[in-house]
Each structure stands twice: as C-alpha cells, then as structure tokens.
>>> print(open('my_file_7.pdb').read())   # PDB, C-alpha atoms, pLDDT in the B column
ATOM      1  CA  LEU A 682       0.000   0.000   0.000  1.00 98.00           C
ATOM      2  CA  VAL A 683       1.535   3.311  -1.132  1.00 98.00           C
ATOM      3  CA  VAL A 684      -0.041   6.183   0.820  1.00 97.00           C
ATOM      4  CA  GLY A 685       0.050   9.579  -0.904  1.00 96.00           C
ATOM      5  CA  CYS A 686       1.434   8.084  -4.104  1.00 96.00           C
ATOM      6  CA  GLY A 687       1.858  11.418  -5.920  1.00 94.00           C
ATOM      7  CA  PRO A 688       2.982  10.792  -9.526  1.00 95.00           C
ATOM      8  CA  GLY A 689       3.437   7.094  -8.772  1.00 96.00           C
ATOM      9  CA  LEU A 690       7.206   6.602  -8.668  1.00 96.00           C
ATOM     10  CA  LEU A 691       7.189   4.574  -5.450  1.00 96.00           C
ATOM     11  CA  ALA A 692       4.344   2.396  -6.743  1.00 97.00           C
ATOM     12  CA  LEU A 693       6.293   1.691  -9.935  1.00 97.00           C
ATOM     13  CA  MET A 694       9.415   0.820  -7.962  1.00 96.00           C
ATOM     14  CA  CYS A 695       7.465  -1.589  -5.736  1.00 96.00           C
ATOM     15  CA  ALA A 696       5.982  -3.360  -8.743  1.00 97.00           C
ATOM     16  CA  GLN A 697       9.355  -3.498 -10.458  1.00 96.00           C
ATOM     17  CA  ALA A 698      10.887  -5.007  -7.301  1.00 94.00           C
ATOM     18  CA  GLY A 699       8.391  -7.880  -7.475  1.00 95.00           C
ATOM     19  CA  ALA A 700       5.339  -6.884  -5.427  1.00 96.00           C
ATOM     20  CA  LYS A 701       2.420  -9.094  -6.518  1.00 96.00           C
ATOM     21  CA  LYS A 702      -0.004  -6.212  -6.094  1.00 97.00           C
ATOM     22  CA  VAL A 703       0.428  -2.522  -5.328  1.00 98.00           C
ATOM     23  CA  VAL A 704      -2.404  -0.262  -4.200  1.00 98.00           C
ATOM     24  CA  ALA A 705      -1.497   3.392  -4.783  1.00 98.00           C
ATOM     25  CA  VAL A 706      -3.776   5.948  -3.149  1.00 97.00           C
ATOM     26  CA  ASP A 707      -3.752   9.750  -3.306  1.00 96.00           C
ATOM     27  CA  GLY A 708      -6.258  12.489  -2.517  1.00 95.00           C
ATOM     28  CA  CYS A 709      -5.352  14.461  -5.655  1.00 96.00           C
ATOM     29  CA  LYS A 710      -7.245  13.312  -8.759  1.00 96.00           C
ATOM     30  CA  ALA A 711      -4.607  14.701 -11.127  1.00 97.00           C
ATOM     31  CA  MET A 712      -1.912  12.649  -9.386  1.00 97.00           C
ATOM     32  CA  THR A 713      -3.881   9.409  -9.523  1.00 97.00           C
ATOM     33  CA  GLU A 714      -4.674   9.957 -13.198  1.00 97.00           C
ATOM     34  CA  LEU A 715      -0.986  10.542 -13.875  1.00 97.00           C
ATOM     35  CA  THR A 716       0.002   7.456 -11.885  1.00 97.00           C
ATOM     36  CA  GLN A 717      -2.422   5.341 -13.904  1.00 97.00           C
ATOM     37  CA  GLN A 718      -1.073   6.689 -17.192  1.00 97.00           C
ATOM     38  CA  VAL A 719       2.547   6.191 -16.188  1.00 97.00           C
ATOM     39  CA  ALA A 720       1.868   2.660 -14.899  1.00 97.00           C
ATOM     40  CA  GLU A 721       0.240   1.660 -18.187  1.00 97.00           C
ATOM     41  CA  ALA A 722       3.018   3.318 -20.209  1.00 97.00           C
ATOM     42  CA  ASN A 723       5.550   1.182 -18.333  1.00 97.00           C
ATOM     43  CA  GLY A 724       3.709  -2.076 -18.908  1.00 96.00           C
ATOM     44  CA  PHE A 725       2.046  -2.550 -15.501  1.00 97.00           C
ATOM     45  CA  SER A 726      -1.536  -3.793 -15.569  1.00 95.00           C
ATOM     46  CA  LYS A 727      -4.334  -2.520 -13.347  1.00 94.00           C
ATOM     47  CA  THR A 728      -4.229  -5.807 -11.462  1.00 94.00           C
ATOM     48  CA  THR A 729      -0.567  -5.193 -10.580  1.00 97.00           C
ATOM     49  CA  ILE A 730      -0.897  -1.488  -9.753  1.00 98.00           C
ATOM     50  CA  GLU A 731      -4.352  -0.480  -8.578  1.00 97.00           C
ATOM     51  CA  VAL A 732      -4.670   3.309  -8.393  1.00 97.00           C
ATOM     52  CA  VAL A 733      -7.254   4.766  -6.014  1.00 97.00           C
ATOM     53  CA  HIS A 734      -8.356   8.408  -5.813  1.00 97.00           C
ATOM     54  CA  GLY A 735      -9.471   9.201  -2.273  1.00 95.00           C
ATOM     55  CA  GLN A 736      -8.494   9.570   1.344  1.00 94.00           C
ATOM     56  CA  VAL A 737      -6.609   6.675   2.912  1.00 94.00           C
ATOM     57  CA  GLU A 738      -8.645   7.233   6.072  1.00 93.00           C
ATOM     58  CA  ARG A 739     -11.702   5.973   4.131  1.00 94.00           C
ATOM     59  CA  LEU A 740      -9.945   3.306   2.092  1.00 95.00           C
ATOM     60  CA  ALA A 741     -11.096  -0.298   2.397  1.00 94.00           C
ATOM     61  CA  LEU A 742      -8.932  -3.183   1.170  1.00 94.00           C
ATOM     62  CA  LYS A 743     -10.104  -6.718   0.379  1.00 93.00           C
ATOM     63  CA  GLU A 744      -6.915  -7.926   2.018  1.00 94.00           C
ATOM     64  CA  LYS A 745      -4.704  -5.996   4.407  1.00 97.00           C
ATOM     65  CA  ALA A 746      -1.297  -4.928   3.144  1.00 97.00           C
ATOM     66  CA  ASP A 747       2.008  -6.657   3.875  1.00 97.00           C
ATOM     67  CA  VAL A 748       3.801  -3.303   3.557  1.00 97.00           C
ATOM     68  CA  VAL A 749       2.698   0.305   4.065  1.00 98.00           C
ATOM     69  CA  LEU A 750       4.961   2.751   2.238  1.00 97.00           C
ATOM     70  CA  CYS A 751       4.467   6.469   2.712  1.00 96.00           C
ATOM     71  CA  ASP A 752       6.646   9.473   1.943  1.00 92.00           C
ATOM     72  CA  TRP A 753       5.059  11.346   4.838  1.00 94.00           C
ATOM     73  CA  ALA A 754       7.967  13.463   6.059  1.00 91.00           C
ATOM     74  CA  GLY A 755       7.694  17.188   5.344  1.00 88.00           C
ATOM     75  CA  PRO A 756       9.824  20.112   6.506  1.00 88.00           C
ATOM     76  CA  ALA A 757      10.938  19.438  10.098  1.00 87.00           C
ATOM     77  CA  LEU A 758       9.328  16.009   9.617  1.00 88.00           C
ATOM     78  CA  LEU A 759       5.762  16.873  10.603  1.00 87.00           C
ATOM     79  CA  HIS A 760       4.932  19.964   8.537  1.00 85.00           C
ATOM     80  CA  GLY A 761       2.235  19.017   6.049  1.00 80.00           C
ATOM     81  CA  GLY A 762       0.407  16.530   8.261  1.00 79.00           C
ATOM     82  CA  MET A 763       0.965  13.393   6.135  1.00 92.00           C
ATOM     83  CA  HIS A 764       2.168  11.557   9.231  1.00 93.00           C
ATOM     84  CA  ARG A 765      -1.448  11.319  10.397  1.00 94.00           C
ATOM     85  CA  SER A 766      -2.505   9.552   7.188  1.00 95.00           C
ATOM     86  CA  PHE A 767       0.477   7.219   7.517  1.00 96.00           C
ATOM     87  CA  LEU A 768      -0.498   6.283  11.084  1.00 96.00           C
ATOM     88  CA  GLN A 769      -4.127   5.712  10.058  1.00 95.00           C
ATOM     89  CA  ALA A 770      -3.011   3.403   7.245  1.00 97.00           C
ATOM     90  CA  ARG A 771      -0.690   1.507   9.563  1.00 97.00           C
ATOM     91  CA  ARG A 772      -3.429   1.030  12.169  1.00 96.00           C
ATOM     92  CA  ARG A 773      -6.266   0.076   9.819  1.00 96.00           C
ATOM     93  CA  LEU A 774      -4.741  -1.436   6.715  1.00 97.00           C
ATOM     94  CA  LEU A 775      -1.487  -3.208   7.688  1.00 97.00           C
ATOM     95  CA  LYS A 776      -1.409  -6.922   8.451  1.00 97.00           C
ATOM     96  CA  PRO A 777      -0.222  -7.922  11.956  1.00 95.00           C
ATOM     97  CA  GLY A 778       3.550  -8.131  11.774  1.00 93.00           C
ATOM     98  CA  GLY A 779       3.581  -6.138   8.540  1.00 95.00           C
ATOM     99  CA  ILE A 780       6.312  -3.732   7.495  1.00 96.00           C
ATOM    100  CA  VAL A 781       6.242   0.067   7.406  1.00 97.00           C
ATOM    101  CA  LEU A 782       8.612   2.079   5.231  1.00 96.00           C
ATOM    102  CA  PRO A 783      10.420   4.231   6.081  1.00 96.00           C
ATOM    103  CA  SER A 784      11.144   2.389   9.322  1.00 96.00           C
ATOM    104  CA  ARG A 785      12.880   5.208  11.191  1.00 94.00           C
ATOM    105  CA  ALA A 786      13.004   9.013  11.109  1.00 93.00           C
ATOM    106  CA  GLU A 787      15.634  11.266  12.687  1.00 92.00           C
ATOM    107  CA  LEU A 788      15.586  15.067  12.952  1.00 91.00           C
ATOM    108  CA  PHE A 789      18.758  17.189  12.962  1.00 93.00           C
ATOM    109  CA  VAL A 790      19.655  20.848  13.464  1.00 94.00           C
ATOM    110  CA  THR A 791      22.677  22.621  11.929  1.00 94.00           C
ATOM    111  CA  GLY A 792      23.855  26.215  12.430  1.00 94.00           C
ATOM    112  CA  ILE A 793      24.487  28.178   9.238  1.00 93.00           C
ATOM    113  CA  GLU A 794      25.911  31.397   7.813  1.00 92.00           C
ATOM    114  CA  ASP A 795      23.372  33.041   5.488  1.00 89.00           C
ATOM    115  CA  ARG A 796      24.744  36.448   4.472  1.00 87.00           C
ATOM    116  CA  GLN A 797      24.307  36.094   0.720  1.00 86.00           C
ATOM    117  CA  ALA A 798      20.696  34.924   0.811  1.00 85.00           C
ATOM    118  CA  LEU A 799      19.679  37.589   3.321  1.00 86.00           C
ATOM    119  CA  ALA A 800      21.362  40.306   1.235  1.00 88.00           C
ATOM    120  CA  ALA A 801      19.431  39.098  -1.817  1.00 87.00           C
ATOM    121  CA  LEU A 802      16.173  39.146   0.130  1.00 85.00           C
ATOM    122  CA  SER A 803      16.890  42.659   1.387  1.00 88.00           C
ATOM    123  CA  LYS A 804      17.501  43.903  -2.161  1.00 90.00           C
ATOM    124  CA  GLN A 805      14.311  42.229  -3.399  1.00 89.00           C
ATOM    125  CA  TRP A 806      12.141  43.870  -0.749  1.00 90.00           C
ATOM    126  CA  GLN A 807      13.580  47.331  -1.343  1.00 90.00           C
ATOM    127  CA  ASN A 808      11.526  47.619  -4.529  1.00 90.00           C
ATOM    128  CA  ILE A 809       8.098  45.971  -4.734  1.00 91.00           C
ATOM    129  CA  SER A 810       6.232  47.437  -7.736  1.00 92.00           C
ATOM    130  CA  GLY A 811       8.089  50.698  -7.198  1.00 91.00           C
ATOM    131  CA  PHE A 812       7.454  50.848  -3.453  1.00 93.00           C
ATOM    132  CA  ASP A 813      10.092  50.591  -0.735  1.00 91.00           C
ATOM    133  CA  TYR A 814       9.264  47.575   1.432  1.00 91.00           C
ATOM    134  CA  GLY A 815      12.595  47.488   3.219  1.00 87.00           C
ATOM    135  CA  SER A 816      10.850  47.757   6.588  1.00 90.00           C
ATOM    136  CA  ALA A 817       9.324  44.314   5.963  1.00 90.00           C
ATOM    137  CA  MET A 818      12.714  42.635   6.316  1.00 88.00           C
ATOM    138  CA  SER A 819      12.378  42.233  10.070  1.00 86.00           C
ATOM    139  CA  THR A 820       9.297  40.082   9.436  1.00 89.00           C
ATOM    140  CA  VAL A 821      10.743  38.324   6.388  1.00 87.00           C
ATOM    141  CA  VAL A 822      13.908  37.299   8.220  1.00 86.00           C
ATOM    142  CA  THR A 823      12.047  35.716  11.130  1.00 86.00           C
ATOM    143  CA  THR A 824       9.546  33.854   8.924  1.00 89.00           C
ATOM    144  CA  PRO A 825      10.584  30.193   8.439  1.00 89.00           C
ATOM    145  CA  ARG A 826      11.343  29.399   4.803  1.00 87.00           C
ATOM    146  CA  LEU A 827      12.350  26.455   2.662  1.00 87.00           C
ATOM    147  CA  ALA A 828      15.841  26.777   1.254  1.00 85.00           C
ATOM    148  CA  THR A 829      18.901  24.900   0.020  1.00 84.00           C
ATOM    149  CA  LEU A 830      22.413  25.935   0.944  1.00 85.00           C
ATOM    150  CA  SER A 831      24.494  26.828  -2.100  1.00 82.00           C
ATOM    151  CA  LEU A 832      27.919  26.463  -0.454  1.00 85.00           C
ATOM    152  CA  ALA A 833      29.349  23.897   1.949  1.00 87.00           C
ATOM    153  CA  SER A 834      31.090  26.782   3.718  1.00 89.00           C
ATOM    154  CA  GLN A 835      27.692  28.029   4.931  1.00 91.00           C
ATOM    155  CA  VAL A 836      27.650  25.165   7.450  1.00 92.00           C
ATOM    156  CA  CYS A 837      29.371  26.549  10.530  1.00 93.00           C
ATOM    157  CA  THR A 838      28.381  24.146  13.329  1.00 95.00           C
ATOM    158  CA  SER A 839      28.024  20.442  13.910  1.00 94.00           C
ATOM    159  CA  SER A 840      24.746  18.740  12.996  1.00 93.00           C
ATOM    160  CA  GLU A 841      23.017  17.524  16.133  1.00 94.00           C
ATOM    161  CA  LYS A 842      20.207  15.004  16.402  1.00 92.00           C
ATOM    162  CA  VAL A 843      17.239  16.465  18.264  1.00 90.00           C
ATOM    163  CA  ALA A 844      14.652  13.717  17.762  1.00 89.00           C
ATOM    164  CA  ASP A 845      14.689  10.022  16.887  1.00 91.00           C
ATOM    165  CA  LEU A 846      11.529   8.168  15.891  1.00 91.00           C
ATOM    166  CA  ALA A 847      13.374   4.875  16.002  1.00 90.00           C
ATOM    167  CA  ASP A 848      10.470   2.494  15.321  1.00 92.00           C
ATOM    168  CA  LEU A 849       7.786   3.799  12.988  1.00 94.00           C
ATOM    169  CA  SER A 850       5.991   0.452  13.170  1.00 94.00           C
ATOM    170  CA  SER A 851       4.855   1.254  16.701  1.00 93.00           C
ATOM    171  CA  VAL A 852       5.261   5.002  17.310  1.00 93.00           C
ATOM    172  CA  THR A 853       2.070   6.779  18.393  1.00 93.00           C
ATOM    173  CA  LEU A 854       0.649  10.067  17.185  1.00 92.00           C
ATOM    174  CA  GLN A 855       1.231  11.573  20.620  1.00 89.00           C
ATOM    175  CA  ALA A 856       4.862  10.464  20.643  1.00 88.00           C
ATOM    176  CA  MET A 857       5.365  11.944  17.182  1.00 87.00           C
ATOM    177  CA  GLU A 858       3.803  15.311  17.903  1.00 85.00           C
ATOM    178  CA  THR A 859       4.873  15.868  21.497  1.00 80.00           C
ATOM    179  CA  GLY A 860       8.296  14.280  21.159  1.00 68.00           C
ATOM    180  CA  LEU A 861       9.438  17.146  18.924  1.00 67.00           C
ATOM    181  CA  LYS A 862       8.493  19.888  21.390  1.00 67.00           C
ATOM    182  CA  GLY A 863      10.816  21.511  23.915  1.00 66.00           C
ATOM    183  CA  MET A 864      13.918  20.050  22.306  1.00 74.00           C
ATOM    184  CA  LEU A 865      17.225  20.969  23.951  1.00 82.00           C
ATOM    185  CA  PHE A 866      20.416  20.674  21.944  1.00 89.00           C
ATOM    186  CA  GLU A 867      24.006  21.883  21.842  1.00 92.00           C
ATOM    187  CA  LEU A 868      25.903  22.781  18.667  1.00 95.00           C
ATOM    188  CA  LYS A 869      29.673  22.738  18.289  1.00 95.00           C
ATOM    189  CA  CYS A 870      31.030  25.709  16.323  1.00 95.00           C
ATOM    190  CA  LEU A 871      33.444  24.719  13.562  1.00 94.00           C
ATOM    191  CA  ARG A 872      35.022  28.192  13.283  1.00 94.00           C
ATOM    192  CA  ASP A 873      34.673  31.765  14.478  1.00 94.00           C
ATOM    193  CA  GLU A 874      31.650  33.041  12.583  1.00 92.00           C
ATOM    194  CA  ARG A 875      28.420  34.983  12.682  1.00 92.00           C
ATOM    195  CA  LEU A 876      25.569  32.503  13.058  1.00 93.00           C
ATOM    196  CA  PHE A 877      22.504  33.606  11.080  1.00 92.00           C
ATOM    197  CA  GLY A 878      20.111  30.736  11.695  1.00 93.00           C
ATOM    198  CA  LEU A 879      19.360  27.043  11.981  1.00 93.00           C
ATOM    199  CA  MET A 880      18.740  24.523   9.227  1.00 93.00           C
ATOM    200  CA  VAL A 881      16.333  21.732  10.224  1.00 92.00           C
ATOM    201  CA  HIS A 882      16.746  18.511   8.232  1.00 91.00           C
ATOM    202  CA  HIS A 883      16.006  14.811   8.552  1.00 91.00           C
ATOM    203  CA  ASP A 884      17.089  11.282   7.683  1.00 93.00           C
ATOM    204  CA  LEU A 885      14.688   8.474   6.761  1.00 94.00           C
ATOM    205  CA  SER A 886      15.873   4.882   7.167  1.00 95.00           C
ATOM    206  CA  PHE A 887      14.525   1.883   5.305  1.00 94.00           C
ATOM    207  CA  GLY A 888      14.980  -1.543   6.861  1.00 90.00           C
ATOM    208  CA  LEU A 889      13.395  -4.639   8.347  1.00 86.00           C
ATOM    209  CA  PRO A 890      12.905  -5.246  12.081  1.00 79.00           C
ATOM    210  CA  GLY A 891      16.052  -6.554  13.727  1.00 79.00           C
ATOM    211  CA  GLN A 892      18.205  -6.012  10.638  1.00 83.00           C
ATOM    212  CA  GLU A 893      20.560  -3.305   9.439  1.00 84.00           C
ATOM    213  CA  ASP A 894      19.022  -0.536   7.360  1.00 85.00           C
ATOM    214  CA  VAL A 895      19.043  -1.176   3.630  1.00 88.00           C
ATOM    215  CA  ALA A 896      19.105   2.541   2.783  1.00 90.00           C
ATOM    216  CA  VAL A 897      19.084   5.958   4.422  1.00 90.00           C
ATOM    217  CA  LEU A 898      17.651   8.945   2.561  1.00 87.00           C
ATOM    218  CA  SER A 899      19.073  12.196   3.904  1.00 86.00           C
ATOM    219  CA  SER A 900      17.941  15.797   3.479  1.00 81.00           C
ATOM    220  CA  ASN A 901      21.302  17.107   4.691  1.00 77.00           C
ATOM    221  CA  PRO A 902      21.822  20.898   4.474  1.00 74.00           C
ATOM    222  CA  LEU A 903      23.337  20.733   0.964  1.00 74.00           C
ATOM    223  CA  SER A 904      20.932  18.280  -0.672  1.00 71.00           C
ATOM    224  CA  HIS A 905      17.540  19.898  -1.273  1.00 68.00           C
ATOM    225  CA  HIS A 906      14.929  22.203   0.258  1.00 71.00           C
ATOM    226  CA  LYS A 907      14.554  22.019   4.009  1.00 82.00           C
ATOM    227  CA  LEU A 908      13.329  24.316   6.785  1.00 87.00           C
ATOM    228  CA  LEU A 909      15.463  27.364   7.541  1.00 88.00           C
ATOM    229  CA  LEU A 910      14.931  29.390  10.703  1.00 90.00           C
ATOM    230  CA  ASN A 911      16.815  32.702  10.635  1.00 89.00           C
ATOM    231  CA  PHE A 912      17.558  34.641  13.798  1.00 90.00           C
ATOM    232  CA  PRO A 913      16.343  38.269  14.079  1.00 87.00           C
ATOM    233  CA  ARG A 914      20.053  39.207  13.927  1.00 87.00           C
ATOM    234  CA  GLY A 915      23.313  37.328  13.542  1.00 88.00           C
ATOM    235  CA  ILE A 916      25.069  35.916  16.608  1.00 91.00           C
ATOM    236  CA  LEU A 917      28.860  35.947  16.931  1.00 93.00           C
ATOM    237  CA  VAL A 918      30.123  32.481  17.839  1.00 92.00           C
ATOM    238  CA  LYS A 919      33.579  31.147  18.666  1.00 92.00           C
ATOM    239  CA  LYS A 920      35.127  27.805  17.799  1.00 91.00           C
TER     240      LYS A 920
END
>>> encode(input="my_file_7.pdb", output="structure tokens")
Amino acid sequence: LVVGCGPGLLALMCAQAGAKKVVAVDGCKAMTELTQQVAEANGFSKTTIEVVHGQVERLALKEKADVVLCDWAGPALLHGGMHRSFLQARRRLLKPGGIVLPSRAELFVTGIEDRQALAALSKQWQNISGFDYGSAMSTVVTTPRLATLSLASQVCTSSEKVADLADLSSVTLQAMETGLKGMLFELKCLRDERLFGLMVHHDLSFGLPGQEDVAVLSSNPLSHHKLLLNFPRGILVKK
C-alpha cells in the first residue's frame, strides 16, 4: 500500500521489485490519473498497480497490506500533516507483523551562515512594484522558509540530532507530535563566525525489524529544500 502516491514513482518501484499487487492511493485526482497513465506506459496492468483516488482514512482493502509505504515526512518532519494519514493506514490497513517504510526518522539541526541569501532578500524587498518595502525585512527574516544551501562553507556548526523516531511500526501520534516539542540541543562551532540561523533537516531509514538498514535517505543541508529558521540578527560564535 503506497499512501500519498503522488505521480506514482514509489508504486512503480514496488511493482518493479516484485510486489504481486500494489495499491497506490492519493487524494489528488490529477496525481492518480498521472500514476495510472505512467503505470500503463511502463507495462504494468491494473491488477498489478491499482490506483485509487481518495483519502486513505476511508480506504477499504479486500486484504490488508504486507507493507505500508508512505513518503510522509515534510519540513521538520511533521509539517504538512501526512504523518497522520500514515499512522491511520498503519493502524487500519497493515497486516499484523507487517512492514512500514520508512522504518525510522531522525531530525537534525545545523547552524548556518546566510549572508548572501539575506542580502538578496533585502535587495528584493527594497523595490516591490516601485514601493520601498525594506521595513518588511524584520518580518521576512524571522519567517521560516524552505531553502537549500548553495555552499558547503555556509555550514558553521556540527549537525546535532534532536529527535529520533526509532520504530515507525509502533510510534504513536502523541509520541510523534509531542516528542518534537521543547527540544534541547548543543551545537559545536566549527570556526569563528556569525551565526545567522538554523537549518532543520532529517534522515529516513529503510529496513526490516532486527536487521541493518538497507538505505538511508538524507535531506542534509546541501541536498535539497529544508526548513530554515533565521535569527532576528546574527550571533557571533567562537570555535
């Protein structure tokens, strides 16, 4: 069962890997139509990949799934709310002893230098349709945004783990949502620098119970978009 299948890539990969049947569900009609088209274009029948448009919370299966696969992690893991759909699918639609993928999620924080991006933002807001919006920068800077670091040198502290959802086959909604609150952490400065903010990123592990992980997908600070929290002003730090 692929929850939130999007354009269907995970469903195709499951079928290619030998799954007898894949049920791909998504709440967006355009995505399910695309998944169906792509599945047929790649030679997969409707009996191999069954595409369902609807909410997984209302989905009924003739037979419960051996595996629930869901790309539920958003910025800072929980932004977007897909974790709730994942937990519903696991509770209602997974066979006893079934497998959930990813099997583990870890959240990290890294301190960064962000001069160039903030300078670009400042220049952009100085002229909005001919009006000076420079005074908006204090709000812009403190508004969380999705970003990708362009240079490795922007990383100026260690990356520290602040949360570990070690067993997604049993974690509860309460543990997910309350376990990420009130996090205390300590960062080690790599050099003398002005710290402009924190990058929040995660790792997702794929493995079977009691075995080593087969793969770890990382959204490290240099890979792709992740949550960036800028400070109201830079902080001088020492190595």
>>> residues_around(input="my_file_7.pdb", residues="Val703 (chain A)", least_positions_apart="4", cutoff="9 Å", atoms="all atoms listed in the file", output="list of chain:residue names")
A:Leu682, A:Val683, A:Ala692, A:Leu693, A:Cys695, A:Ala696, A:Thr728, A:Thr729, A:Ile730, A:Glu731, A:Val732, A:Ala746
>>> atom_distance(input="my_file_7.pdb", atom1="CA of Val897 (chain A)", atom2="CA of Gly724 (chain A)")
29.1 Å
>>> closest_residue(input="my_file_7.pdb", among="A:Ser803, A:Ser784, A:Thr838, A:Asn901", to="Val822 (chain A)", atoms="all atoms listed in the file")
A:Ser803
>>> resolve_selection(input="my_file_7.pdb", expression="the PyMOL selection byres ((chain A and resi 826-835) around 7)", output="list in words")
Ile793, Glu794, Asp795, Thr824, Pro825, Val836, Cys837, Pro902, Leu903, Ser904, His905, His906, Lys907, Leu908, Leu909 and Leu910 of chain A
>>> write_last_selection(input="my_file_7.pdb", atoms="C-alpha atoms", output="PDB file, in the frame of the given file")
ATOM      1  CA  ILE A 793      24.487  28.178   9.238  1.00 93.00           C
ATOM      2  CA  GLU A 794      25.911  31.397   7.813  1.00 92.00           C
ATOM      3  CA  ASP A 795      23.372  33.041   5.488  1.00 89.00           C
ATOM      4  CA  THR A 824       9.546  33.854   8.924  1.00 89.00           C
ATOM      5  CA  PRO A 825      10.584  30.193   8.439  1.00 89.00           C
ATOM      6  CA  VAL A 836      27.650  25.165   7.450  1.00 92.00           C
ATOM      7  CA  CYS A 837      29.371  26.549  10.530  1.00 93.00           C
ATOM      8  CA  PRO A 902      21.822  20.898   4.474  1.00 74.00           C
ATOM      9  CA  LEU A 903      23.337  20.733   0.964  1.00 74.00           C
ATOM     10  CA  SER A 904      20.932  18.280  -0.672  1.00 71.00           C
ATOM     11  CA  HIS A 905      17.540  19.898  -1.273  1.00 68.00           C
ATOM     12  CA  HIS A 906      14.929  22.203   0.258  1.00 71.00           C
ATOM     13  CA  LYS A 907      14.554  22.019   4.009  1.00 82.00           C
ATOM     14  CA  LEU A 908      13.329  24.316   6.785  1.00 87.00           C
ATOM     15  CA  LEU A 909      15.463  27.364   7.541  1.00 88.00           C
ATOM     16  CA  LEU A 910      14.931  29.390  10.703  1.00 90.00           C
TER      17      LEU A 910
END
>>> residues_near_point(input="my_file_7.pdb", point="(12.3, 15.3, 7.1)", cutoff="7 Å", atoms="all atoms listed in the file", output="list of chain:residue names")
A:Ala754, A:Gly755, A:Pro756, A:Ala757, A:Leu758, A:Leu788, A:His882, A:His883, A:Asp884, A:Ser900
>>> write_last_selection(input="my_file_7.pdb", atoms="C-alpha atoms", output="PDB file, keeping the file's coordinate frame")
ATOM      1  CA  ALA A 754       7.967  13.463   6.059  1.00 91.00           C
ATOM      2  CA  GLY A 755       7.694  17.188   5.344  1.00 88.00           C
ATOM      3  CA  PRO A 756       9.824  20.112   6.506  1.00 88.00           C
ATOM      4  CA  ALA A 757      10.938  19.438  10.098  1.00 87.00           C
ATOM      5  CA  LEU A 758       9.328  16.009   9.617  1.00 88.00           C
ATOM      6  CA  LEU A 788      15.586  15.067  12.952  1.00 91.00           C
ATOM      7  CA  HIS A 882      16.746  18.511   8.232  1.00 91.00           C
ATOM      8  CA  HIS A 883      16.006  14.811   8.552  1.00 91.00           C
ATOM      9  CA  ASP A 884      17.089  11.282   7.683  1.00 93.00           C
ATOM     10  CA  SER A 900      17.941  15.797   3.479  1.00 81.00           C
TER      11      SER A 900
END
>>> axis_aligned_box(input="my_file_7.pdb", around="region 697-711 of chain A", padding_each_side="6 Å", output="JSON")
{"center_x": 1.8, "center_y": 2.8, "center_z": -6.8, "size_x": 30.1, "size_y": 35.8, "size_z": 20.6}
>>> atom_distance(input="my_file_7.pdb", atom1="CA of Ile916 (chain A)", atom2="CA of Arg875 (chain A)")
5.2 Å
